[in-house]
Structures are given as structure tokens and as C-alpha cells.
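Enquirer: Input file: structure-v9.txt. Contents: compact mmCIF, C-alpha atoms.
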# COMPACT_ATOMS: atom_id res chain seq x y z
CA MET Y 186 0.00 0.00 0.00
CA SER Y 187 2.32 2.72 1.20
CA SER Y 188 5.23 3.67 -1.01
CA PRO Y 189 8.75 3.90 0.47
CA ALA Y 190 8.60 7.69 0.25
CA ASN Y 191 5.34 7.71 2.18
CA HIS Y 192 6.82 5.43 4.74
CA ALA Y 193 9.84 7.71 5.23
CA ASP Y 194 7.49 10.68 5.61
CA SER Y 195 5.48 8.95 8.28
CA HIS Y 196 8.67 7.92 10.05
CA ALA Y 197 9.90 11.51 10.13
CA GLU Y 198 6.49 12.67 11.34
CA SER Y 199 6.45 10.18 14.16
CA ARG Y 200 9.95 11.24 15.19
CA ALA Y 201 8.80 14.85 15.20
CA ALA Y 202 5.83 13.88 17.38
CA PHE Y 203 8.12 12.02 19.78
CA LYS Y 204 10.40 15.05 19.98
CA ALA Y 205 7.43 17.33 20.62
CA GLY Y 206 6.46 15.08 23.52
CA VAL Y 207 9.97 15.22 24.96
CA ILE Y 208 10.06 19.02 24.72
CA GLU Y 209 6.57 19.36 26.20
CA CYS Y 210 7.45 17.27 29.24
CA LEU Y 211 11.02 18.51 29.76
CA GLN Y 212 9.31 21.66 30.99
CA LEU Y 213 7.62 19.64 33.73
CA ILE Y 214 10.90 18.29 35.09
CA PRO Y 215 11.34 20.85 37.91
CA SER Y 216 7.94 19.92 39.34
CA TYR Y 217 9.10 16.29 39.85
CA ILE Y 218 12.21 17.15 41.89
CA PRO Y 219 10.89 17.90 45.39
CA PHE Y 220 8.16 15.24 45.49
CA GLY Y 221 10.43 12.60 43.95
CA LEU Y 222 13.10 13.20 46.58
CA VAL Y 223 10.54 13.10 49.40
CA CYS Y 224 9.03 9.84 48.11
CA GLY Y 225 12.49 8.24 47.92
CA VAL Y 226 13.33 9.23 51.50
CA ALA Y 227 9.95 8.02 52.77
CA ALA Y 228 10.28 4.63 51.06
CA VAL Y 229 13.61 3.94 52.78
CA GLN Y 230 12.16 5.01 56.11
CA ALA Y 231 9.29 2.57 55.56
CA GLY Y 232 11.78 -0.29 55.32
CA LEU Y 233 11.77 -0.87 51.56
CA GLY Y 234 15.51 -0.41 51.31
CA GLU Y 235 17.14 1.82 48.69
CA TRP Y 236 16.48 -0.61 45.86
CA GLY Y 237 12.92 -1.15 47.02
CA ALA Y 238 12.43 2.62 46.84
CA VAL Y 239 13.74 2.67 43.26
CA ALA Y 240 11.57 -0.31 42.29
CA LEU Y 241 8.50 1.30 43.83
CA ALA Y 242 9.03 4.47 41.79
CA ALA Y 243 9.75 2.48 38.62
CA PHE Y 244 6.83 0.05 38.81
CA ALA Y 245 4.15 2.21 40.42
CA PHE Y 246 5.11 5.57 38.81
CA ALA Y 247 2.49 7.35 40.91
CA GLY Y 248 3.79 9.74 43.56
CA SER Y 249 0.83 10.24 45.85
CA SER Y 250 0.08 6.52 46.04
CA GLN Y 251 3.75 5.81 46.79
CA ALA Y 252 3.62 8.36 49.61
CA VAL Y 253 0.41 6.84 51.02
CA LEU Y 254 1.74 3.28 50.78
CA THR Y 255 4.99 4.09 52.59
CA GLN Y 256 3.16 6.18 55.19
CA PHE Y 257 0.92 3.21 56.03
CA LEU Y 258 3.85 0.77 56.09
CA SER Y 259 5.80 3.10 58.41
CA SER Y 260 2.86 3.32 60.80
CA GLY Y 261 2.78 -0.49 61.00
CA ALA Y 262 -0.53 -0.93 59.19
CA PRO Y 263 -1.30 -4.39 57.70
CA LEU Y 264 0.13 -4.96 54.24
CA SER Y 265 -3.29 -5.31 52.60
CA ILE Y 266 -4.52 -1.99 54.06
CA ALA Y 267 -1.39 -0.22 52.85
CA ILE Y 268 -1.79 -1.58 49.30
CA ILE Y 269 -5.53 -0.88 49.12
CA SER Y 270 -5.03 2.67 50.39
CA GLY Y 271 -2.41 3.32 47.74
CA LEU Y 272 -4.73 1.93 45.07
CA VAL Y 273 -7.68 4.09 46.16
CA VAL Y 274 -5.48 7.15 45.70
CA ASN Y 275 -4.87 5.96 42.13
CA LEU Y 276 -8.57 5.53 41.32
CA ARG Y 277 -8.50 8.90 39.56
CA MET Y 278 -6.46 7.16 36.87
CA ALA Y 279 -9.59 5.19 35.95
CA VAL Y 280 -11.09 8.54 34.92
CA TYR Y 281 -8.01 9.22 32.78
CA SER Y 282 -8.25 5.71 31.35
CA ALA Y 283 -11.87 6.29 30.33
CA ALA Y 284 -11.13 9.74 28.91
CA ILE Y 285 -8.14 8.59 26.87
CA ALA Y 286 -9.82 5.43 25.51
CA PRO Y 287 -11.84 7.17 22.75
CA ARG Y 288 -8.70 9.09 21.72
CA ILE Y 289 -6.84 5.86 20.92
CA ALA Y 290 -9.59 3.89 19.18
CA GLY Y 291 -7.16 2.60 16.54
CA ALA Y 292 -4.51 1.31 18.94
CA THR Y 293 -3.44 -2.34 18.85
CA PRO Y 294 -3.60 -4.45 22.04
CA LYS Y 295 0.16 -4.06 22.57
CA GLN Y 296 -0.08 -0.30 22.11
CA ARG Y 297 -2.90 -0.19 24.65
CA VAL Y 298 -0.58 -1.73 27.22
CA LEU Y 299 1.94 1.05 26.55
CA TRP Y 300 -0.74 3.71 26.90
CA ALA Y 301 -1.80 2.20 30.23
CA LEU Y 302 1.72 1.75 31.62
CA PHE Y 303 2.59 5.44 31.59
CA LEU Y 304 -0.81 6.94 32.39
CA VAL Y 305 -0.22 9.61 35.04
CA ASP Y 306 -1.59 13.12 35.58
CA GLN Y 307 1.08 14.79 33.47
CA THR Y 308 1.14 12.38 30.52
CA PHE Y 309 -2.66 12.26 30.42
CA ILE Y 310 -3.20 15.98 30.44
CA SER Y 311 -0.36 16.69 27.97
CA ASN Y 312 -2.01 14.27 25.56
CA GLU Y 313 -5.40 15.90 26.15
CA VAL Y 314 -4.00 19.38 25.52
CA ARG Y 315 -2.39 18.22 22.28
CA HIS Y 316 -5.60 16.54 21.17
CA GLN Y 317 -7.62 19.70 21.78
CA ARG Y 318 -5.11 21.72 19.79
CA GLY Y 319 -5.83 19.29 16.95
CA GLU Y 320 -2.14 18.85 16.20
CA HIS Y 321 -1.26 16.02 13.82
CA MET Y 322 -3.12 13.26 15.60
CA LYS Y 323 -1.50 10.77 13.23
CA HIS Y 324 1.16 9.85 15.76
CA PRO Y 325 -0.42 10.14 19.20
CA LEU Y 326 1.58 7.23 20.64
CA ALA Y 327 4.91 8.73 19.52
CA PHE Y 328 4.08 12.00 21.27
CA TYR Y 329 2.87 10.14 24.35
CA LEU Y 330 6.02 8.02 24.53
CA GLY Y 331 8.15 11.15 24.14
CA CYS Y 332 6.36 12.48 27.20
CA ALA Y 333 6.51 9.23 29.15
CA LEU Y 334 10.15 8.42 28.41
CA THR Y 335 11.11 11.89 29.62
CA LEU Y 336 9.12 11.87 32.84
CA TRP Y 337 9.43 8.22 33.91
CA PRO Y 338 13.26 7.96 34.08
CA TRP Y 339 13.42 11.38 35.70
CA TRP Y 340 10.88 10.31 38.33
CA VAL Y 341 12.85 7.13 39.08
CA LEU Y 342 16.10 9.12 39.28
CA MET Y 343 14.64 11.65 41.73
CA ASN Y 344 13.34 8.83 43.94
CA ALA Y 345 16.77 7.16 43.79
CA ILE Y 346 18.55 10.35 44.85
CA GLY Y 347 16.10 10.73 47.71
CA ALA Y 348 16.61 7.10 48.72
CA PHE Y 349 20.41 6.90 48.44
CA ALA Y 350 21.40 10.43 49.45
CA GLY Y 351 18.44 11.38 51.65
CA ALA Y 352 18.52 14.64 49.72
CA LYS Y 353 15.83 17.27 50.14
CA LEU Y 354 15.40 20.75 48.75
CA PRO Y 355 15.04 23.67 51.17
CA ALA Y 356 11.34 23.97 52.00
CA SER Y 357 11.50 27.75 51.65
CA TRP Y 358 11.96 27.37 47.88
CA GLN Y 359 8.45 25.90 47.73
CA LEU Y 360 9.39 24.07 44.55
CA ASP Y 361 6.63 21.56 45.28
CA PHE Y 362 4.19 24.34 44.40
CA THR Y 363 5.17 23.80 40.74
CA ILE Y 364 2.97 20.67 40.73
CA PRO Y 365 -0.37 22.50 41.17
CA LEU Y 366 0.95 25.34 39.00
CA SER Y 367 1.70 22.94 36.15
CA PHE Y 368 -1.82 21.47 36.41
CA VAL Y 369 -3.32 24.98 36.32
CA ALA Y 370 -1.21 25.90 33.28
CA MET Y 371 -2.33 22.77 31.43
CA VAL Y 372 -6.02 22.73 32.32
CA VAL Y 373 -6.95 26.42 31.91
CA PRO Y 374 -6.46 26.39 28.12
CA LEU Y 375 -8.78 23.35 27.97
CA LEU Y 376 -11.71 25.29 29.46
CA LYS Y 377 -13.67 26.32 26.40
CA SER Y 378 -17.35 26.14 27.29
CA GLN Y 379 -19.42 27.54 30.13
CA SER Y 380 -20.29 24.04 31.28
CA GLN Y 381 -16.61 23.07 31.48
CA ILE Y 382 -15.79 26.17 33.51
CA LEU Y 383 -18.67 25.50 35.91
CA ALA Y 384 -17.65 21.84 36.17
CA ALA Y 385 -14.17 23.01 37.18
CA ILE Y 386 -15.53 25.52 39.73
CA ALA Y 387 -17.84 22.92 41.25
CA GLY Y 388 -15.08 20.31 41.25
CA GLY Y 389 -12.65 22.70 42.94
CA ALA Y 390 -15.15 23.75 45.60
CA ALA Y 391 -16.13 20.14 46.26
CA GLY Y 392 -12.45 19.21 46.41
CA VAL Y 393 -12.03 21.64 49.30
CA LEU Y 394 -15.25 20.69 51.10
CA LEU Y 395 -14.71 16.92 50.74
CA TYR Y 396 -10.96 17.03 51.42
CA ALA Y 397 -11.36 15.36 54.80
CA MET Y 398 -12.84 12.19 53.30
CA PRO Y 399 -10.54 9.22 53.92
CA LEU Y 400 -8.00 8.03 51.34
CA LYS Y 401 -8.54 11.04 49.10
CA LEU Y 402 -11.90 9.58 48.11
CA GLY Y 403 -13.15 13.16 48.16
CA LEU Y 404 -11.34 13.58 44.87
CA ILE Y 405 -13.50 10.99 43.14
CA ALA Y 406 -16.68 12.38 44.71
CA ALA Y 407 -15.71 15.92 43.69
CA CYS Y 408 -15.05 14.73 40.14
CA ALA Y 409 -18.50 13.13 39.97
CA LEU Y 410 -20.13 16.24 41.42
CA GLY Y 411 -18.34 18.61 39.05
CA THR Y 412 -19.27 16.43 36.07
CA CYS Y 413 -22.96 16.44 37.14
CA VAL Y 414 -22.93 20.23 37.48
CA GLY Y 415 -21.42 20.51 34.01
CA MET Y 416 -24.05 18.22 32.50
CA LEU Y 417 -26.80 20.17 34.24
CA VAL Y 418 -25.47 23.40 32.76
CA ASP Y 419 -25.34 21.68 29.35
CA ALA Y 420 -28.99 20.67 29.70
CA LEU Y 421 -30.06 24.17 30.83
CA LEU Y 422 -28.22 25.82 27.94
CA LYS Y 423 -29.87 23.43 25.49
CA LEU Y 424 -33.29 24.22 26.96
CA LYS Y 425 -32.62 27.94 26.64
CA THR Y 426 -31.56 27.76 22.99
CA SER Y 427 -34.54 25.59 22.06
CA GLU Y 428 -36.88 28.08 23.79
CA THR Y 429 -35.47 31.06 21.95
CA ARG Y 430 -35.81 29.19 18.69
CA GLN Y 431 -39.55 28.59 19.14
CA MET D 124 29.79 4.21 49.45
CA ASN D 125 26.19 3.24 50.03
CA TRP D 126 25.39 0.22 47.86
CA GLY D 127 21.80 0.21 49.03
CA GLY D 128 19.66 -2.36 50.80
CA PHE D 129 16.74 -4.44 49.65
CA GLY D 130 14.42 -3.99 52.60
CA THR D 131 11.87 -6.50 53.84
CA LEU D 132 9.79 -9.14 52.07
CA ASP D 133 6.65 -7.28 53.12
CA GLY D 134 8.05 -4.20 51.43
CA TRP D 135 8.46 -6.07 48.15
CA LEU D 136 4.98 -7.57 48.40
CA ALA D 137 3.67 -4.03 48.84
CA ILE D 138 5.58 -2.85 45.77
CA VAL D 139 4.26 -5.72 43.65
CA GLY D 140 0.70 -5.22 44.93
CA LEU D 141 0.66 -1.50 44.24
CA ALA D 142 2.29 -1.92 40.84
CA ILE D 143 -0.12 -4.62 39.61
CA GLY D 144 -3.19 -2.89 41.04
CA THR D 145 -2.22 0.47 39.59
CA PHE D 146 -1.67 -1.06 36.17
CA ALA D 147 -5.11 -2.68 36.38
CA ILE D 148 -6.67 0.74 37.13
CA ARG D 149 -4.76 2.37 34.28
CA TYR D 150 -5.66 -0.39 31.83
CA SER D 151 -9.30 -0.69 32.96
CA PHE D 152 -11.19 1.49 30.47
CA ILE D 153 -8.43 1.50 27.88
CA GLY D 154 -8.89 -2.27 27.68
CA LEU D 155 -12.67 -2.44 28.19
CA LEU D 156 -13.53 0.22 25.65
CA ALA D 157 -11.10 -1.11 23.04
CA GLY D 158 -12.44 -0.13 19.63
CA LYS D 159 -15.94 0.56 20.95
CA LYS D 160 -17.85 3.71 20.12
CA LEU D 161 -19.01 5.49 23.25
CA PRO D 162 -22.46 7.02 23.60
CA PRO D 163 -22.09 10.79 22.98
CA ARG D 164 -23.47 11.49 26.43
CA PHE D 165 -20.73 9.47 28.10
CA GLU D 166 -18.07 11.17 26.02
CA ARG D 167 -19.45 14.57 26.98
CA ALA D 168 -19.38 13.54 30.66
CA LEU D 169 -15.69 12.67 30.31
CA GLN D 170 -14.96 16.07 28.78
CA LEU D 171 -16.47 17.60 31.90
CA ALA D 172 -14.82 15.12 34.27
CA VAL D 173 -11.33 16.23 33.22
CA PRO D 174 -11.59 19.86 34.38
CA ALA D 175 -13.60 18.75 37.43
CA ILE D 176 -11.03 16.25 38.71
CA PHE D 177 -8.05 18.50 38.06
CA ALA D 178 -9.74 21.40 39.85
CA ALA D 179 -10.51 19.09 42.78
CA LEU D 180 -6.87 18.00 42.82
CA VAL D 181 -5.38 21.47 42.44
CA VAL D 182 -7.46 23.76 44.65
CA PRO D 183 -6.57 21.96 47.92
CA LEU D 184 -2.90 21.80 46.85
CA ILE D 185 -3.03 25.58 46.51
CA LEU D 186 -5.10 26.56 49.55
CA PHE D 187 -4.23 23.90 52.13
CA GLN D 188 -1.38 23.89 54.60
CA ASN D 189 -0.87 20.86 56.86
CA ASN D 190 -4.12 19.34 55.59
CA GLN D 191 -6.19 22.38 56.48
CA LEU D 192 -7.67 25.27 54.57
CA ASN D 193 -5.46 28.22 55.48
CA LEU D 194 -6.21 31.36 53.49
CA ALA D 195 -4.10 33.54 55.80
CA MET D 196 -0.98 31.56 54.82
CA ARG D 197 -1.89 30.50 51.31
CA TRP D 198 -3.32 33.63 49.68
CA PRO D 199 0.00 34.34 47.90
CA HIS D 200 -0.20 30.83 46.42
CA ALA D 201 -3.74 31.52 45.26
CA VAL D 202 -2.71 34.80 43.60
CA ALA D 203 0.28 33.11 41.95
CA ALA D 204 -1.95 30.30 40.65
CA ILE D 205 -4.53 32.74 39.26
CA ILE D 206 -1.86 34.74 37.46
CA THR D 207 -0.34 31.52 36.10
CA GLY D 208 -3.80 30.46 34.87
CA ILE D 209 -4.42 33.81 33.18
CA TYR D 210 -1.03 33.72 31.46
CA ALA D 211 -1.44 30.08 30.41
CA GLY D 212 -4.91 30.74 28.99
CA TRP D 213 -3.61 33.76 27.09
CA ARG D 214 -0.25 32.55 25.85
CA GLY D 215 0.36 28.97 26.96
CA GLY D 216 3.86 27.57 27.28
CA MET D 217 4.57 25.50 30.37
CA LEU D 218 8.02 26.69 31.34
CA VAL D 219 7.22 30.40 31.13
CA SER D 220 3.94 29.82 32.99
CA LEU D 221 5.79 28.04 35.81
CA LEU D 222 8.47 30.73 35.99
CA ILE D 223 5.83 33.47 36.18
CA GLY D 224 3.92 31.61 38.88
CA MET D 225 6.98 30.94 41.04
CA ALA D 226 8.30 34.48 40.57
CA CYS D 227 4.92 35.85 41.58
CA LEU D 228 4.79 33.59 44.66
CA HIS D 229 8.26 34.52 45.89
CA THR D 230 7.71 38.23 45.23
CA LEU D 231 4.55 38.15 47.34
CA LEU D 232 6.25 36.13 50.08
CA TRP D 233 9.13 38.62 50.04
CA PHE D 234 6.88 41.63 50.53
CA PHE D 235 4.41 39.93 52.90
CA PRO D 236 6.48 37.44 54.89
Starting from the file, lay out its structure as C-alpha cells.
Expert:
Amino acid sequence: MSSPANHADSHAESRAAFKAGVIECLQLIPSYIPFGLVCGVAAVQAGLGEWGAVALAAFAFAGSSQAVLTQFLSSGAPLSIAIISGLVVNLRMAVYSAAIAPRIAGATPKQRVLWALFLVDQTFISNEVRHQRGEHMKHPLAFYLGCALTLWPWWVLMNAIGAFAGAKLPASWQLDFTIPLSFVAMVVPLLKSQSQILAAIAGGAAGVLLYAMPLKLGLIAACALGTCVGMLVDALLKLKTSETRQ
Amino acid sequence: MNWGGFGTLDGWLAIVGLAIGTFAIRYSFIGLLAGKKLPPRFERALQLAVPAIFAALVVPLILFQNNQLNLAMRWPHAVAAIITGIYAGWRGGMLVSLLIGMACLHTLLWFFP
């Protein structure tokens, strides 16, 4: 089907997409430093050993669940409780999984495994931002892997430095604040409709009010609430336009 | 030279448990919805779920200190986040947005320690 020239073109395009992913996520690197170091230190304190800390970062690749898991292990909680608590914190990734699924309808089973392996807040939202910009969606996996293969090794490295050197950044730098800032910078350009904006406002307010729920379950509840508010606004807007039309 | 230790068996069971469970969560809908067309309503709900969950994640990170809402301590963070959001919505660009946000935060903390 495809001529050699076509093939070369597509190869160059996919390399460009990979590079775009690398560049996009290199900018997120500072936000991984403080939390990565802290997670590495905490894992050693929880008795995982330095190599356990590195393995945890490499195989889980999910900071807040790593922190919760090691916190529970340190406090002497049963193994099953520690694991379940960590997993509940990661339930938000099911939302990402559902949201990314229609974007990768053409992916092969092997490619789906790759998409799932590296699905974290930053890779998910970078992919979403790119999709909304409508930029050459021909090579979504190349872009995604550019993102993932920048962030994942960096995350493991930061955890390793925390584990082996016990290194921490001065708290007064507040470099950990770059995590929420990076989410703000990525999500604001995605807010295009009134219903999306109101979903975000409701989600944010509910996130504050439900913060005290155990295991960060408030996050899932707030997501559901914000989504409902958005759909309600959608329905109201539809009603209004159909009324004015009559 | 610290060659590193391997910790306890329980520790490794915890690592394996979290890793497998997290992969299952990540793969869940990606695997289930493979090649299926979603009802438009469900797809619309997901478009709304994305801003909702990120707002729910971000607002406490901005306004909370030691697990409590603390506007007296965190208002500079709120201002920095709003300015970052305005810049990102106007221009975009992650690195510049982050630099503006952090510069704003430290300027405010400098003047109002």
C-alpha cells in the first residue's frame, strides 16, 4: 500500500511527534524534583531499602500513592490496608483511562498496554492538551512516549537520589508548588465552554469541602459532582436555545 | 559508598501489589472500551470530568497547609496560581507559565512574609 517515500514521511512525522512530547514534558521536570526526593526518603524510612524505593518508583510511577503506601507501612498498618489505600489514591487514573480510551480507538492491544503503563496526571493531560489543539493526531503514541520516556526515568532518578542520598530541597523554595501550577497551566487552556468552567468551579469547591474524606476519596466524589454540574449546565443551555428558537 | 539495601519481604509484596493494582486501574477502560464507540453522552461527561477532577486536585494543593484550609498563609499561592492560569490561557507555554507563577509567589512572600 504505502510507497517507500510515504513510509519515510510517516517515520519523520512520528519522530517529530516524539520530539514534541519530549520538549513538552522537559518543561515539567522541575515539578518532579521535590516530590520525587521526598518519596524516595519516605520509602527507605518505611523499610523498603534503597532498591525497594527505586523499584516502587519504577513500577508504580504514581507519587501520591507511593507516599500513602509508605506512610501506612511506616505506621505499622497491615500490608493489605497499605496496598488498598495506595490503590484508592490511584482511582483517579480510571477517569483518565476512560477519557483517553476514545482518543486511541485505533490502537493495537500491545499499544494499549503502553498507553496504560505510563498513564499519570502529566502524561494524560499533555495528551489531552495536544488533542484539543488538533495537532497532527496521526502519531499520538509517539508523542505520548516522548512524554513518558522523559518523565518516567526522571521520576525514578529523583526517587533514587532521595533514597540513596536522603537529599531534600530547602522547604522555603516551595518548589513543590510547581505541581499544582503545572496542572493549572495545562487545564486552563482546555476550558472552552461555560459548562466546562462551571464543572471546574464545582469540582474545585467540592475538592475543598470533601478534602477530609478518607483516602482522598473526596477527589473521586468531587469529580462526579463537578461532572454532574457541568451536565446540568449543558442541559439548561440546550433548553434555553430551544426556547429562543420557538 | 552506600550500595543500598533491599528492605523487607513485606516491602516487596507491597511494591508488587501497588504496581499490579495500579496497572489494572490504568488499563481498565483503555482495555474495556477497546475499539468501541461510546455514547455521545458518556463522552461529553468525560470532557467535563477532566476539568472537574483536576480542579478538585489542584485547589486543595493551593489553599491547604498541613491538611487544612489556610487562606491567611496560602493567599499568595492563590494569587500566583490565578496569574499563572491567566497567562497560560492567554499565551500557553509550560516553562514560562511556571516561571511566572513561582516568581509571583516569591515576590509576594518577600513583601508579605
Enquirer: Near chain D, meaning an atom within 6 Å, which residues of chain Y appear when counting only C-alpha atoms? Write them as a ChimeraX atom specification.
Expert: /Y:212,232-237,241,244-245,268,278-279,282-284,286,290,301,365-366,369-370,373-374,381,384-385,388-389,392-393,404,408,411-412
Enquirer: Using C-alpha atoms, can you write the selected residues to a file as a JSON list (two decimals), in the coordinates of the input?
Expert:
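Result saved to again_3.json:
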[["chain", "number", "residue", "atom", "x", "y", "z"],
["Y", 212, "GLN", "CA", 9.31, 21.66, 30.99],
["Y", 232, "GLY", "CA", 11.78, -0.29, 55.32],
["Y", 233, "LEU", "CA", 11.77, -0.87, 51.56],
["Y", 234, "GLY", "CA", 15.51, -0.41, 51.31],
["Y", 235, "GLU", "CA", 17.14, 1.82, 48.69],
["Y", 236, "TRP", "CA", 16.48, -0.61, 45.86],
["Y", 237, "GLY", "CA", 12.92, -1.15, 47.02],
["Y", 241, "LEU", "CA", 8.50, 1.30, 43.83],
["Y", 244, "PHE", "CA", 6.83, 0.05, 38.81],
["Y", 245, "ALA", "CA", 4.15, 2.21, 40.42],
["Y", 268, "ILE", "CA", -1.79, -1.58, 49.30],
["Y", 278, "MET", "CA", -6.46, 7.16, 36.87],
["Y", 279, "ALA", "CA", -9.59, 5.19, 35.95],
["Y", 282, "SER", "CA", -8.25, 5.71, 31.35],
["Y", 283, "ALA", "CA", -11.87, 6.29, 30.33],
["Y", 284, "ALA", "CA", -11.13, 9.74, 28.91],
["Y", 286, "ALA", "CA", -9.82, 5.43, 25.51],
["Y", 290, "ALA", "CA", -9.59, 3.89, 19.18],
["Y", 301, "ALA", "CA", -1.80, 2.20, 30.23],
["Y", 365, "PRO", "CA", -0.37, 22.50, 41.17],
["Y", 366, "LEU", "CA", 0.95, 25.34, 39.00],
["Y", 369, "VAL", "CA", -3.32, 24.98, 36.32],
["Y", 370, "ALA", "CA", -1.21, 25.90, 33.28],
["Y", 373, "VAL", "CA", -6.95, 26.42, 31.91],
["Y", 374, "PRO", "CA", -6.46, 26.39, 28.12],
["Y", 381, "GLN", "CA", -16.61, 23.07, 31.48],
["Y", 384, "ALA", "CA", -17.65, 21.84, 36.17],
["Y", 385, "ALA", "CA", -14.17, 23.01, 37.18],
["Y", 388, "GLY", "CA", -15.08, 20.31, 41.25],
["Y", 389, "GLY", "CA", -12.65, 22.70, 42.94],
["Y", 392, "GLY", "CA", -12.45, 19.21, 46.41],
["Y", 393, "VAL", "CA", -12.03, 21.64, 49.30],
["Y", 404, "LEU", "CA", -11.34, 13.58, 44.87],
["Y", 408, "CYS", "CA", -15.05, 14.73, 40.14],
["Y", 411, "GLY", "CA", -18.34, 18.61, 39.05],
["Y", 412, "THR", "CA", -19.27, 16.43, 36.07]]
Enquirer: Could you state the separation of CA of Ser311 in chain Y and CA of Ile285 in chain Y in Å, given to one decimal place?
Expert: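 It comes out at 11.3 Å.
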Enquirer: Which residues, written as a list in words, have at least one atom at most 8 Å from Leu360 in chain Y, with only C-alpha atoms counted and residues fewer than 6 positions away on the same chain left out?
Expert: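 Neighbouring residues, sequence-local ones excluded: Pro215, Ser216, Ile218 and Pro219 of chain Y.
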Enquirer: Write out, as an mmCIF file, keeping the file's coordinate frame, the residues just selected, with C-alpha atoms.
Expert:
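Output file again08.cif follows:
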data_model
loop_
_atom_site.group_PDB
_atom_site.id
_atom_site.type_symbol
_atom_site.label_atom_id
_atom_site.label_comp_id
_atom_site.auth_asym_id
_atom_site.auth_seq_id
_atom_site.Cartn_x
_atom_site.Cartn_y
_atom_site.Cartn_z
ATOM 1 C CA PRO Y 215 11.340 20.850 37.910
ATOM 2 C CA SER Y 216 7.940 19.920 39.340
ATOM 3 C CA ILE Y 218 12.210 17.150 41.890
ATOM 4 C CA PRO Y 219 10.890 17.900 45.390
#
Enquirer: Please indicate the distance in Å from CA of Ala202 in chain Y to CA of Lys295 in chain Y, rounded to one decimal place.
Expert: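 Pair CA of Ala202 in chain Y / CA of Lys295 in chain Y returns 19.5 Å.
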Enquirer: Please return as an mmCIF file with C-alpha atoms, in the coordinates of the input every residue within 9 Å of (11.5, 11.9, 25.6), taking into account all atoms listed in the file and the file's own coordinates.
Expert:
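Once everything was written out, this is out_25.cif:
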data_model
loop_
_atom_site.group_PDB
_atom_site.id
_atom_site.type_symbol
_atom_site.label_atom_id
_atom_site.label_comp_id
_atom_site.auth_asym_id
_atom_site.auth_seq_id
_atom_site.Cartn_x
_atom_site.Cartn_y
_atom_site.Cartn_z
ATOM 1 C CA PHE Y 203 8.120 12.020 19.780
ATOM 2 C CA LYS Y 204 10.400 15.050 19.980
ATOM 3 C CA ALA Y 205 7.430 17.330 20.620
ATOM 4 C CA GLY Y 206 6.460 15.080 23.520
ATOM 5 C CA VAL Y 207 9.970 15.220 24.960
ATOM 6 C CA ILE Y 208 10.060 19.020 24.720
ATOM 7 C CA GLU Y 209 6.570 19.360 26.200
ATOM 8 C CA CYS Y 210 7.450 17.270 29.240
ATOM 9 C CA LEU Y 211 11.020 18.510 29.760
ATOM 10 C CA PHE Y 328 4.080 12.000 21.270
ATOM 11 C CA TYR Y 329 2.870 10.140 24.350
ATOM 12 C CA LEU Y 330 6.020 8.020 24.530
ATOM 13 C CA GLY Y 331 8.150 11.150 24.140
ATOM 14 C CA CYS Y 332 6.360 12.480 27.200
ATOM 15 C CA ALA Y 333 6.510 9.230 29.150
ATOM 16 C CA LEU Y 334 10.150 8.420 28.410
ATOM 17 C CA THR Y 335 11.110 11.890 29.620
ATOM 18 C CA LEU Y 336 9.120 11.870 32.840
#
Enquirer: To one decimal place, how far is CA of Ile310 in chain Y from CA of Met371 in chain Y in Å?
Expert: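 Computing it gives 6.9 Å between the two atoms.
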Enquirer: Restricting the calculation to only C-alpha atoms: of Y:Gly415, Y:Pro399, Y:Gly261, Y:Pro325, which residue gets closest to Ile386 in chain Y?
Expert: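 Of the candidates, the smallest distance to Ile386 in chain Y is held by Y:Gly415.
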